[in-house]
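**Q** Below is one structure. I have some questions about it.
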Amino acid sequence: MALLIDGDVTTLRDLQDMDSTILETAKHEGIGLEGKVAIATEQVQLEIATFLLRTQAASILPSTTGGYDLSRVVVTPALRRWHTLRVLVEVYSDAYNSQLNDRYLGKWKHFSTLARDASEILFELGVGLVSTPVRKAQRATVTTAGGDGPPETYFVQTAWRGSQGASGAASDIVSYDAAGGELIQVTPGVAPAGVEGWDIYVSYAGEAPLRQNGSPIGLGQTWLLPVTGLVNGIPASEGQQPDTHVRRSKAFF
């Protein structure tokens, strides 16, 4: 699972699954979805921070100048559902207040009710936390390094490996067209604090990227496609699973 601070809480597919007309509505009313996602994210973060304070669990989160560090919060299915509904609330609130259209008012009220229910479910199930967060990797840099490989289109992802062996969420996929005779080499983005290596996931076009390394690749090192081609490794994980959940009454493991 991704971390809350990774930013990938709600996708367009999540929004469409909840409301099939959301893209059409946003386009018709000139509503920027990215802005509404950002507003929903800020609201969810504030409510989670408040929740942790009220449950006396904030002591497990380091205090910072701007509030409590939420870098350890995991995007569980319950949190994702709440965030998605919060985005829809923001969209239909804007649409109604701009047009005073009763259809938008009905959806605003509907999604507001669902969002409140979703937040209650999250806090009952518990906010998931990891002990040592590993950030989502940035998009990798893919170049060529000569060789005698065939012309291919490659899909590439990377993921950071933490000091305790945990893997963060994989980067967004980068596609790269390698001409005949070229082997690709991959460099990850800037390493965040607390990681000790990285993993590389590669596939041919139309297939899911699979891990190409055994042990983690060292920081500062690049990966070069071997002349023998890709290996049949494991797919990228969605990130870390929670080590701890904090709920209304207590923390449980």
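Chain labels follow the order of the structure tokens: the first chain is A, the next B, and so on; residue numbering restarts at 1 in every chain, and ligands are counted from 1 in their shown order.
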Determine which residues of region 12-224 of chain A receive a DSSP assignment of strand (DSSP E), computed from the backbone, and state them as a PyMOL selection string.

**A** chain A and resi 63-64+67-68+127-129+141-144+152-162+174-178+184-187+195-204+210-211+223-224

**Q** Determine, counting only C-alpha atoms, which protein, DNA and RNA residues have an atom within 12 Å of an atom of Arg139 (chain A); residues of the same chain fewer than 5 positions away are not included. Present the result as a ChimeraX atom specification.

**A** /A:155-160,169-175,186-191,200-201

**Q** I'd like the contact shell of region 76-81 of chain A - 7 Å cut-off, only C-alpha atoms, skipping same-chain residues fewer than 4 positions apart - returned as a list in words.

**A**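 The residues satisfying every condition are Met1, Val9, Thr10, Leu85, Ala118, Leu122 and Gly128 of chain A.
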
**Q** Emit the selected residues as a short mmCIF file (atom, residue, chain, number, x, y, z; two decimals), in the first residue's frame, including C-alpha atoms.

**A**
data_model
loop_
_atom_site.label_atom_id
_atom_site.label_comp_id
_atom_site.auth_asym_id
_atom_site.auth_seq_id
_atom_site.Cartn_x
_atom_site.Cartn_y
_atom_site.Cartn_z
CA MET A 1 0.00 0.00 0.00
CA VAL A 9 -4.66 8.18 -2.80
CA THR A 10 -7.42 8.44 -5.40
CA LEU A 85 -15.75 10.29 -1.57
CA ALA A 118 -16.57 6.15 5.32
CA LEU A 122 -11.91 4.07 8.89
CA GLY A 128 -2.79 2.06 9.52
#

**Q** Taking only C-alpha atoms into account, name the residue in A:Thr25, A:Thr141, A:Ser98, A:Ser119 that is nearest to Thr84 (chain A).

**A**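 Closest candidate: A:Ser119.
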
**Q** As a PyMOL selection string, which residues of region 65-181 of chain A does DSSP assign to alpha helix (DSSP H)?

**A** chain A and resi 77-99+102-125

**Q** Select, from A:Tyr104, A:Ala49, A:Arg248, A:Trp82, the residue with the minimum atom-to-atom distance to Asp117 (chain A), counting only C-alpha atoms.

**A**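 Using only C-alpha atoms, Asp117 (chain A) sits closest to A:Trp82.
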
**Q** Please compute the CA of Gln240 (chain A)-CA of Tyr176 (chain A) distance, one decimal, in Å.

**A** 27.6 Å

**Q** Which one of A:Gln185, A:Thr132, A:Thr55, A:Ser112 sits closest to Leu88 (chain A) if you count only C-alpha atoms?

**A** A:Ser112

**Q** CA of Arg86 (chain A) and CA of Asp17 (chain A), how far apart in Å?

**A**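 CA of Arg86 (chain A) lies 14.1 Å from CA of Asp17 (chain A).
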
**Q** So how far away is CA of Lys36 (chain A) from CA of Phe123 (chain A), in Å?

**A** 22.9 Å
